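Structure data follow from work02.cif (mmCIF, N, CA and C atoms and all ligand atoms):
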```cif
data_final
#
loop_
_atom_site.label_atom_id
_atom_site.label_comp_id
_atom_site.auth_asym_id
_atom_site.auth_seq_id
_atom_site.Cartn_x
_atom_site.Cartn_y
_atom_site.Cartn_z
N MET A 1179 -22.41 4.68 7.52
CA MET A 1179 -21.57 4.59 6.32
C MET A 1179 -20.17 4.12 6.70
N THR A 1180 -19.62 3.26 5.87
CA THR A 1180 -18.25 2.82 6.12
C THR A 1180 -17.30 3.98 5.87
N SER A 1181 -16.33 4.13 6.73
CA SER A 1181 -15.42 5.26 6.56
C SER A 1181 -14.24 4.85 5.68
N LEU A 1182 -13.65 5.86 5.04
CA LEU A 1182 -12.44 5.63 4.26
C LEU A 1182 -11.35 5.02 5.15
N ALA A 1183 -11.23 5.59 6.34
CA ALA A 1183 -10.20 5.12 7.26
C ALA A 1183 -10.34 3.63 7.53
N LYS A 1184 -11.59 3.20 7.70
CA LYS A 1184 -11.82 1.80 8.02
C LYS A 1184 -11.44 0.90 6.84
N VAL A 1185 -11.90 1.29 5.65
CA VAL A 1185 -11.60 0.49 4.46
C VAL A 1185 -10.09 0.40 4.23
N MET A 1186 -9.42 1.54 4.38
CA MET A 1186 -7.99 1.56 4.09
C MET A 1186 -7.19 0.85 5.19
N HIS A 1187 -7.64 0.99 6.42
CA HIS A 1187 -7.00 0.28 7.53
C HIS A 1187 -7.11 -1.24 7.30
N GLN A 1188 -8.28 -1.66 6.89
CA GLN A 1188 -8.48 -3.09 6.61
C GLN A 1188 -7.58 -3.56 5.47
N ASP A 1189 -7.39 -2.68 4.48
CA ASP A 1189 -6.53 -3.08 3.37
C ASP A 1189 -5.05 -3.14 3.81
N HIS A 1190 -4.66 -2.29 4.75
CA HIS A 1190 -3.31 -2.41 5.32
C HIS A 1190 -3.16 -3.79 5.98
N GLN A 1191 -4.18 -4.16 6.74
CA GLN A 1191 -4.11 -5.46 7.42
C GLN A 1191 -4.05 -6.61 6.41
N HIS A 1192 -4.81 -6.46 5.34
CA HIS A 1192 -4.80 -7.46 4.27
C HIS A 1192 -3.40 -7.59 3.68
N CYS A 1193 -2.78 -6.45 3.39
CA CYS A 1193 -1.41 -6.47 2.84
C CYS A 1193 -0.42 -7.07 3.85
N ASP A 1194 -0.60 -6.75 5.14
CA ASP A 1194 0.28 -7.31 6.17
C ASP A 1194 0.17 -8.84 6.21
N GLN A 1195 -1.05 -9.32 6.07
CA GLN A 1195 -1.24 -10.78 6.08
C GLN A 1195 -0.56 -11.42 4.88
N LEU A 1196 -0.72 -10.79 3.71
CA LEU A 1196 -0.09 -11.33 2.51
C LEU A 1196 1.44 -11.27 2.62
N PHE A 1197 1.93 -10.23 3.28
CA PHE A 1197 3.37 -10.12 3.53
C PHE A 1197 3.84 -11.33 4.34
N ALA A 1198 3.13 -11.61 5.44
CA ALA A 1198 3.52 -12.71 6.33
C ALA A 1198 3.49 -14.05 5.60
N THR A 1199 2.45 -14.26 4.80
CA THR A 1199 2.33 -15.51 4.05
C THR A 1199 3.47 -15.64 3.04
N ALA A 1200 3.78 -14.54 2.37
CA ALA A 1200 4.86 -14.56 1.38
C ALA A 1200 6.20 -14.84 2.07
N GLU A 1201 6.42 -14.18 3.19
CA GLU A 1201 7.69 -14.37 3.91
C GLU A 1201 7.86 -15.82 4.36
N GLU A 1202 6.78 -16.36 4.88
CA GLU A 1202 6.82 -17.75 5.35
C GLU A 1202 7.16 -18.70 4.21
N ALA A 1203 6.51 -18.48 3.07
CA ALA A 1203 6.76 -19.35 1.91
C ALA A 1203 8.19 -19.17 1.39
N LEU A 1204 8.64 -17.94 1.33
CA LEU A 1204 10.01 -17.68 0.84
C LEU A 1204 11.03 -18.31 1.78
N ASP A 1205 10.75 -18.32 3.07
CA ASP A 1205 11.63 -18.96 4.06
C ASP A 1205 11.81 -20.44 3.76
N GLN A 1206 10.79 -21.01 3.16
CA GLN A 1206 10.86 -22.44 2.85
C GLN A 1206 11.37 -22.67 1.43
N GLY A 1207 11.91 -21.62 0.83
CA GLY A 1207 12.50 -21.78 -0.49
C GLY A 1207 11.49 -21.88 -1.60
N GLN A 1208 10.30 -21.36 -1.35
CA GLN A 1208 9.28 -21.31 -2.41
C GLN A 1208 8.53 -19.99 -2.28
N GLY A 1209 7.33 -19.91 -2.79
CA GLY A 1209 6.55 -18.71 -2.49
C GLY A 1209 6.39 -17.74 -3.63
N GLY A 1210 6.65 -18.19 -4.85
CA GLY A 1210 6.45 -17.31 -6.00
C GLY A 1210 5.03 -16.78 -6.06
N GLU A 1211 4.09 -17.68 -5.90
CA GLU A 1211 2.67 -17.31 -6.02
C GLU A 1211 2.25 -16.37 -4.88
N GLN A 1212 2.64 -16.74 -3.68
CA GLN A 1212 2.27 -15.93 -2.51
C GLN A 1212 2.88 -14.53 -2.61
N THR A 1213 4.12 -14.47 -3.06
CA THR A 1213 4.79 -13.18 -3.16
C THR A 1213 4.15 -12.32 -4.25
N GLN A 1214 3.79 -12.97 -5.33
CA GLN A 1214 3.11 -12.26 -6.41
C GLN A 1214 1.81 -11.64 -5.90
N ARG A 1215 1.08 -12.39 -5.10
CA ARG A 1215 -0.18 -11.90 -4.54
C ARG A 1215 0.06 -10.66 -3.67
N PHE A 1216 1.11 -10.73 -2.87
CA PHE A 1216 1.47 -9.59 -2.01
C PHE A 1216 1.83 -8.37 -2.87
N LEU A 1217 2.64 -8.58 -3.89
CA LEU A 1217 3.08 -7.46 -4.74
C LEU A 1217 1.89 -6.81 -5.43
N LYS A 1218 0.96 -7.63 -5.87
CA LYS A 1218 -0.24 -7.09 -6.55
C LYS A 1218 -1.08 -6.26 -5.59
N ALA A 1219 -1.27 -6.77 -4.38
CA ALA A 1219 -2.09 -6.07 -3.39
C ALA A 1219 -1.46 -4.72 -3.04
N MET A 1220 -0.15 -4.69 -2.91
CA MET A 1220 0.54 -3.44 -2.60
C MET A 1220 0.38 -2.44 -3.75
N ALA A 1221 0.53 -2.93 -4.97
CA ALA A 1221 0.40 -2.05 -6.14
C ALA A 1221 -1.00 -1.45 -6.19
N ARG A 1222 -2.01 -2.26 -5.90
CA ARG A 1222 -3.40 -1.78 -5.93
C ARG A 1222 -3.64 -0.76 -4.82
N HIS A 1223 -3.06 -1.02 -3.65
CA HIS A 1223 -3.24 -0.10 -2.53
C HIS A 1223 -2.62 1.27 -2.86
N PHE A 1224 -1.40 1.24 -3.37
CA PHE A 1224 -0.73 2.50 -3.74
C PHE A 1224 -1.55 3.24 -4.81
N LEU A 1225 -2.04 2.48 -5.77
CA LEU A 1225 -2.83 3.07 -6.86
C LEU A 1225 -4.09 3.74 -6.30
N ALA A 1226 -4.78 3.06 -5.41
CA ALA A 1226 -5.99 3.62 -4.81
C ALA A 1226 -5.68 4.94 -4.12
N GLU A 1227 -4.54 5.00 -3.45
CA GLU A 1227 -4.18 6.24 -2.76
C GLU A 1227 -3.76 7.31 -3.75
N GLU A 1228 -2.87 6.95 -4.65
CA GLU A 1228 -2.28 7.97 -5.54
C GLU A 1228 -3.25 8.46 -6.61
N GLU A 1229 -4.14 7.59 -7.05
CA GLU A 1229 -5.02 7.98 -8.16
C GLU A 1229 -6.39 8.47 -7.67
N LEU A 1230 -6.78 8.05 -6.49
CA LEU A 1230 -8.11 8.40 -6.00
C LEU A 1230 -8.09 9.29 -4.76
N LEU A 1231 -7.54 8.73 -3.68
CA LEU A 1231 -7.68 9.43 -2.40
C LEU A 1231 -6.82 10.67 -2.30
N PHE A 1232 -5.54 10.55 -2.68
CA PHE A 1232 -4.67 11.71 -2.55
C PHE A 1232 -5.15 12.88 -3.43
N PRO A 1233 -5.48 12.62 -4.71
CA PRO A 1233 -5.96 13.73 -5.53
C PRO A 1233 -7.21 14.40 -4.95
N ALA A 1234 -8.12 13.60 -4.41
CA ALA A 1234 -9.33 14.17 -3.82
C ALA A 1234 -8.97 15.05 -2.62
N PHE A 1235 -8.04 14.57 -1.82
CA PHE A 1235 -7.59 15.32 -0.65
C PHE A 1235 -6.86 16.59 -1.07
N GLU A 1236 -6.00 16.46 -2.09
CA GLU A 1236 -5.22 17.61 -2.58
C GLU A 1236 -6.14 18.67 -3.16
N GLU A 1237 -7.18 18.22 -3.84
CA GLU A 1237 -8.11 19.17 -4.43
C GLU A 1237 -8.84 19.93 -3.33
N PHE A 1238 -9.24 19.19 -2.32
CA PHE A 1238 -10.01 19.81 -1.23
C PHE A 1238 -9.16 20.81 -0.45
N THR A 1239 -7.91 20.40 -0.15
CA THR A 1239 -7.07 21.23 0.72
C THR A 1239 -6.23 22.24 -0.06
N GLY A 1240 -6.09 22.02 -1.37
CA GLY A 1240 -5.23 22.89 -2.17
C GLY A 1240 -3.75 22.61 -1.94
N MET A 1241 -3.45 21.48 -1.24
CA MET A 1241 -2.05 21.13 -0.98
C MET A 1241 -1.56 20.10 -1.99
N LYS A 1242 -1.20 20.58 -3.14
CA LYS A 1242 -0.70 19.68 -4.16
C LYS A 1242 0.80 19.92 -4.33
N GLY A 1243 1.56 18.82 -4.44
CA GLY A 1243 3.01 18.97 -4.58
C GLY A 1243 3.70 19.32 -3.27
N MET A 1244 2.96 19.27 -2.18
CA MET A 1244 3.51 19.50 -0.84
C MET A 1244 2.57 18.88 0.18
N GLY A 1245 2.91 19.02 1.43
CA GLY A 1245 2.00 18.53 2.47
C GLY A 1245 2.04 17.02 2.61
N PRO A 1246 1.11 16.50 3.40
CA PRO A 1246 1.18 15.08 3.79
C PRO A 1246 1.10 14.09 2.62
N THR A 1247 0.30 14.39 1.60
CA THR A 1247 0.19 13.42 0.50
C THR A 1247 1.50 13.35 -0.28
N GLN A 1248 2.21 14.48 -0.37
CA GLN A 1248 3.49 14.45 -1.07
C GLN A 1248 4.49 13.56 -0.33
N VAL A 1249 4.50 13.67 0.99
CA VAL A 1249 5.38 12.81 1.79
C VAL A 1249 5.01 11.34 1.58
N MET A 1250 3.72 11.05 1.58
CA MET A 1250 3.26 9.66 1.39
C MET A 1250 3.65 9.15 0.00
N ARG A 1251 3.53 10.01 -1.01
CA ARG A 1251 3.92 9.61 -2.37
C ARG A 1251 5.41 9.27 -2.43
N GLU A 1252 6.23 10.07 -1.75
CA GLU A 1252 7.67 9.81 -1.74
C GLU A 1252 7.98 8.49 -1.05
N GLU A 1253 7.26 8.21 0.04
CA GLU A 1253 7.47 6.94 0.74
C GLU A 1253 7.02 5.76 -0.12
N HIS A 1254 5.95 5.95 -0.87
CA HIS A 1254 5.52 4.89 -1.81
C HIS A 1254 6.66 4.58 -2.79
N GLN A 1255 7.31 5.63 -3.28
CA GLN A 1255 8.39 5.41 -4.25
C GLN A 1255 9.53 4.62 -3.62
N GLN A 1256 9.83 4.94 -2.37
CA GLN A 1256 10.87 4.18 -1.66
C GLN A 1256 10.49 2.70 -1.58
N MET A 1257 9.24 2.45 -1.21
CA MET A 1257 8.78 1.07 -1.08
C MET A 1257 8.71 0.39 -2.44
N ARG A 1258 8.32 1.14 -3.46
CA ARG A 1258 8.27 0.57 -4.82
C ARG A 1258 9.64 0.07 -5.25
N GLY A 1259 10.69 0.78 -4.85
CA GLY A 1259 12.05 0.35 -5.17
C GLY A 1259 12.30 -1.06 -4.64
N LEU A 1260 11.89 -1.29 -3.40
CA LEU A 1260 12.09 -2.60 -2.78
C LEU A 1260 11.17 -3.65 -3.40
N LEU A 1261 9.94 -3.26 -3.68
CA LEU A 1261 8.98 -4.20 -4.28
C LEU A 1261 9.47 -4.62 -5.67
N SER A 1262 10.07 -3.69 -6.39
CA SER A 1262 10.51 -4.06 -7.73
C SER A 1262 11.77 -4.94 -7.66
N GLN A 1263 12.58 -4.76 -6.61
CA GLN A 1263 13.70 -5.70 -6.41
C GLN A 1263 13.15 -7.11 -6.20
N MET A 1264 12.07 -7.20 -5.43
CA MET A 1264 11.46 -8.52 -5.17
C MET A 1264 10.92 -9.11 -6.47
N GLN A 1265 10.27 -8.26 -7.26
CA GLN A 1265 9.70 -8.74 -8.53
C GLN A 1265 10.80 -9.26 -9.46
N THR A 1266 11.90 -8.52 -9.55
CA THR A 1266 13.02 -8.95 -10.39
C THR A 1266 13.55 -10.30 -9.92
N ALA A 1267 13.71 -10.45 -8.61
CA ALA A 1267 14.21 -11.72 -8.07
C ALA A 1267 13.25 -12.86 -8.38
N LEU A 1268 11.96 -12.57 -8.25
CA LEU A 1268 10.95 -13.60 -8.54
C LEU A 1268 11.00 -14.02 -10.00
N ASP A 1269 11.15 -13.03 -10.86
CA ASP A 1269 11.21 -13.32 -12.30
C ASP A 1269 12.37 -14.26 -12.61
N GLN A 1270 13.39 -14.21 -11.75
CA GLN A 1270 14.55 -15.10 -11.95
C GLN A 1270 14.46 -16.35 -11.08
N ASN A 1271 13.29 -16.54 -10.47
CA ASN A 1271 13.09 -17.67 -9.55
C ASN A 1271 14.10 -17.71 -8.42
N ASN A 1272 14.58 -16.55 -8.05
CA ASN A 1272 15.57 -16.46 -6.98
C ASN A 1272 14.87 -16.05 -5.68
N PHE A 1273 14.37 -17.05 -4.94
CA PHE A 1273 13.57 -16.78 -3.75
C PHE A 1273 14.41 -16.19 -2.62
N LYS A 1274 15.68 -16.54 -2.61
CA LYS A 1274 16.57 -16.01 -1.59
C LYS A 1274 16.72 -14.49 -1.77
N ALA A 1275 16.92 -14.08 -3.00
CA ALA A 1275 17.06 -12.65 -3.29
C ALA A 1275 15.73 -11.93 -3.08
N ALA A 1276 14.62 -12.62 -3.33
CA ALA A 1276 13.30 -12.01 -3.16
C ALA A 1276 13.05 -11.68 -1.68
N LYS A 1277 13.69 -12.43 -0.79
CA LYS A 1277 13.50 -12.23 0.65
C LYS A 1277 14.27 -11.03 1.18
N ARG A 1278 15.35 -10.69 0.50
CA ARG A 1278 16.29 -9.69 1.01
C ARG A 1278 15.66 -8.34 1.37
N PRO A 1279 14.78 -7.80 0.52
CA PRO A 1279 14.23 -6.47 0.86
C PRO A 1279 13.18 -6.49 1.97
N LEU A 1280 12.77 -7.69 2.42
CA LEU A 1280 11.60 -7.79 3.31
C LEU A 1280 11.76 -7.03 4.62
N GLU A 1281 12.96 -7.14 5.21
CA GLU A 1281 13.14 -6.55 6.53
C GLU A 1281 12.97 -5.02 6.48
N THR A 1282 13.64 -4.40 5.51
CA THR A 1282 13.53 -2.95 5.35
C THR A 1282 12.11 -2.56 4.96
N LEU A 1283 11.53 -3.36 4.08
CA LEU A 1283 10.18 -3.07 3.61
C LEU A 1283 9.19 -3.08 4.77
N LEU A 1284 9.34 -4.04 5.67
CA LEU A 1284 8.40 -4.14 6.79
C LEU A 1284 8.47 -2.88 7.66
N ILE A 1285 9.68 -2.42 7.91
CA ILE A 1285 9.85 -1.21 8.74
C ILE A 1285 9.20 -0.01 8.04
N LEU A 1286 9.47 0.14 6.75
CA LEU A 1286 8.89 1.26 6.00
C LEU A 1286 7.37 1.18 5.99
N MET A 1287 6.85 -0.01 5.76
CA MET A 1287 5.39 -0.20 5.72
C MET A 1287 4.77 0.18 7.05
N GLN A 1288 5.39 -0.29 8.15
CA GLN A 1288 4.79 -0.03 9.47
C GLN A 1288 4.75 1.46 9.78
N GLN A 1289 5.88 2.14 9.48
CA GLN A 1289 5.93 3.57 9.78
C GLN A 1289 4.95 4.35 8.90
N HIS A 1290 4.94 3.98 7.64
CA HIS A 1290 4.07 4.64 6.67
C HIS A 1290 2.59 4.45 7.03
N ASN A 1291 2.23 3.22 7.30
CA ASN A 1291 0.83 2.91 7.56
C ASN A 1291 0.32 3.60 8.84
N LEU A 1292 1.20 3.68 9.83
CA LEU A 1292 0.81 4.36 11.07
C LEU A 1292 0.50 5.83 10.82
N LYS A 1293 1.35 6.47 9.99
CA LYS A 1293 1.11 7.89 9.67
C LYS A 1293 -0.23 8.05 8.95
N GLU A 1294 -0.49 7.16 8.03
CA GLU A 1294 -1.76 7.26 7.30
C GLU A 1294 -2.94 7.01 8.23
N GLU A 1295 -2.82 5.97 9.05
CA GLU A 1295 -3.95 5.59 9.90
C GLU A 1295 -4.21 6.63 10.99
N ASN A 1296 -3.14 7.21 11.52
CA ASN A 1296 -3.32 8.14 12.64
C ASN A 1296 -3.59 9.57 12.19
N ILE A 1297 -3.08 9.93 11.04
CA ILE A 1297 -3.18 11.34 10.62
C ILE A 1297 -3.99 11.52 9.33
N LEU A 1298 -3.48 10.91 8.26
CA LEU A 1298 -4.03 11.24 6.95
C LEU A 1298 -5.45 10.71 6.74
N TYR A 1299 -5.68 9.43 7.05
CA TYR A 1299 -7.01 8.87 6.81
C TYR A 1299 -8.09 9.59 7.65
N PRO A 1300 -7.82 9.86 8.94
CA PRO A 1300 -8.84 10.60 9.70
C PRO A 1300 -9.11 11.99 9.11
N MET A 1301 -8.04 12.66 8.60
CA MET A 1301 -8.24 13.97 7.96
C MET A 1301 -9.11 13.81 6.72
N MET A 1302 -8.86 12.73 5.97
CA MET A 1302 -9.66 12.50 4.76
C MET A 1302 -11.11 12.26 5.12
N ASP A 1303 -11.32 11.51 6.19
CA ASP A 1303 -12.68 11.18 6.59
C ASP A 1303 -13.48 12.42 6.98
N MET A 1304 -12.79 13.46 7.42
CA MET A 1304 -13.51 14.68 7.79
C MET A 1304 -14.07 15.40 6.56
N HIS A 1305 -13.39 15.21 5.41
CA HIS A 1305 -13.77 16.00 4.24
C HIS A 1305 -14.24 15.20 3.05
N LEU A 1306 -13.79 13.95 2.96
CA LEU A 1306 -14.08 13.16 1.76
C LEU A 1306 -15.00 12.01 2.10
N GLY A 1307 -15.31 11.24 1.09
CA GLY A 1307 -16.18 10.08 1.30
C GLY A 1307 -17.27 10.14 0.26
N GLY A 1308 -18.42 9.69 0.60
CA GLY A 1308 -19.52 9.70 -0.36
C GLY A 1308 -19.50 8.42 -1.15
N PRO A 1309 -20.68 8.00 -1.60
CA PRO A 1309 -20.81 6.69 -2.24
C PRO A 1309 -19.99 6.54 -3.52
N GLU A 1310 -19.82 7.64 -4.26
CA GLU A 1310 -19.10 7.50 -5.53
C GLU A 1310 -17.63 7.17 -5.30
N LEU A 1311 -17.01 7.95 -4.43
CA LEU A 1311 -15.60 7.71 -4.12
C LEU A 1311 -15.41 6.34 -3.47
N MET A 1312 -16.31 5.98 -2.56
CA MET A 1312 -16.19 4.68 -1.88
C MET A 1312 -16.33 3.53 -2.87
N GLY A 1313 -17.22 3.71 -3.84
CA GLY A 1313 -17.42 2.68 -4.86
C GLY A 1313 -16.19 2.51 -5.73
N ARG A 1314 -15.60 3.63 -6.13
CA ARG A 1314 -14.41 3.55 -6.97
C ARG A 1314 -13.24 2.97 -6.18
N LEU A 1315 -13.17 3.33 -4.92
CA LEU A 1315 -12.11 2.80 -4.05
C LEU A 1315 -12.20 1.27 -3.98
N ALA A 1316 -13.41 0.78 -3.74
CA ALA A 1316 -13.59 -0.68 -3.64
C ALA A 1316 -13.17 -1.35 -4.94
N GLN A 1317 -13.50 -0.72 -6.06
CA GLN A 1317 -13.14 -1.28 -7.36
C GLN A 1317 -11.63 -1.42 -7.52
N VAL A 1318 -10.91 -0.36 -7.18
CA VAL A 1318 -9.45 -0.39 -7.35
C VAL A 1318 -8.83 -1.41 -6.40
N LEU A 1319 -9.29 -1.44 -5.16
CA LEU A 1319 -8.68 -2.35 -4.17
C LEU A 1319 -8.94 -3.81 -4.52
N GLU A 1320 -10.08 -4.07 -5.12
CA GLU A 1320 -10.39 -5.46 -5.47
C GLU A 1320 -9.74 -5.87 -6.80
N GLY A 1321 -9.23 -4.88 -7.50
CA GLY A 1321 -8.52 -5.17 -8.76
C GLY A 1321 -9.50 -5.56 -9.83
FE FE B 1401 0.27 4.86 1.43
FE FE B 1402 -2.08 3.10 2.82
#
```

Rewrite the coordinates I just gave you, this time as structure tokens.
Amino acid sequence: MTSLAKVMHQDHQHCDQLFATAEEALDQGQGGEQTQRFLKAMARHFLAEEELLFPAFEEFTGMKGMGPTQVMREEHQQMRGLLSQMQTALDQNNFKAAKRPLETLLILMQQHNLKEENILYPMMDMHLGGPELMGRLAQVLEG
């Protein structure tokens, strides 16, 4: 069976690739489409975690409103702030401004993803999974 950790790790890599493509395009003074694709993938990833995986984990462990998922939710909010700055800049066709949050965003993403990959996802894999959750996860990630 495919593990949650594997699926989510792959989606991190997918988002990282879209980040790189968007950055490259923005560097050349374009990249609206590429950046939009990146923003959508990030939104879907956060949604999959916040609406599916974290609640399942919180229910199992009884750690709601605290513990590792709460920290991850707070970090998502930090990243959402930067992502929405990018979206606003894109809406104004201001590619230079859209690039500005990238450096901070990359650092936050790397630190966040490592915590999930090394700690949270393996913990989830010990307790969660099953075809129903995996099916719903695939649905959300594919949009
Ligand atoms: Fe996350
Ligand atoms: Fe994640």

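For ligand FE 1401 (chain B), the protein and nucleic acid residues at most 7 Å away, judged by only C-alpha atoms and all ligand atoms, amount to Phe1224, Glu1227, Met1250, His1254, His1290, Asn1291 and Glu1294 of chain A.
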
Output the selection as a PDB file, in the coordinates of the input - N, CA and C atoms for each residue.
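again-v1.pdb written:
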```
ATOM      1  N   PHE A1224      -1.400   1.240  -3.370  1.00  0.00           N
ATOM      2  CA  PHE A1224      -0.730   2.500  -3.740  1.00  0.00           C
ATOM      3  C   PHE A1224      -1.550   3.240  -4.810  1.00  0.00           C
ATOM      4  N   GLU A1227      -4.540   5.000  -3.450  1.00  0.00           N
ATOM      5  CA  GLU A1227      -4.180   6.240  -2.760  1.00  0.00           C
ATOM      6  C   GLU A1227      -3.760   7.310  -3.750  1.00  0.00           C
ATOM      7  N   MET A1250       3.720  11.050   1.580  1.00  0.00           N
ATOM      8  CA  MET A1250       3.260   9.660   1.390  1.00  0.00           C
ATOM      9  C   MET A1250       3.650   9.150   0.000  1.00  0.00           C
ATOM     10  N   HIS A1254       5.950   5.950  -0.870  1.00  0.00           N
ATOM     11  CA  HIS A1254       5.520   4.890  -1.810  1.00  0.00           C
ATOM     12  C   HIS A1254       6.660   4.580  -2.790  1.00  0.00           C
ATOM     13  N   HIS A1290       4.940   3.980   7.640  1.00  0.00           N
ATOM     14  CA  HIS A1290       4.070   4.640   6.670  1.00  0.00           C
ATOM     15  C   HIS A1290       2.590   4.450   7.030  1.00  0.00           C
ATOM     16  N   ASN A1291       2.230   3.220   7.300  1.00  0.00           N
ATOM     17  CA  ASN A1291       0.830   2.910   7.560  1.00  0.00           C
ATOM     18  C   ASN A1291       0.320   3.600   8.840  1.00  0.00           C
ATOM     19  N   GLU A1294      -0.490   7.160   8.030  1.00  0.00           N
ATOM     20  CA  GLU A1294      -1.760   7.260   7.300  1.00  0.00           C
ATOM     21  C   GLU A1294      -2.940   7.010   8.230  1.00  0.00           C
TER      22      GLU A1294
END
```

task = Would you kindly return, as a PyMOL selection string, each protein, DNA or RNA residue with an atom no farther than 7 Å from any atom of segment 1209-1214 of chain A, considering all atoms listed in the file and excluding same-chain residues fewer than 6 positions away?
result = chain A and resi 1196+1199-1203+1268

request  = Write out as an MDAnalysis selection string which residues come within 8 Å of His1192 of chain A when counting all atoms listed in the file, dropping same-chain ones fewer than 5 positions away.
outcome  = chainID A and resid 1186:1187 1197:1198 1216 1219:1220

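Between Lys1274 of chain A and the candidates A:Glu1237, A:Asp1303, A:Glu1228, A:Asp1205, the tightest atom-to-atom separation, counting all atoms listed in the file, involves A:Asp1205.
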
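Atom pair atom C of Ala1183 of chain A / atom C of Val1249 of chain A has a distance of 18.2 Å (rounded to one decimal).
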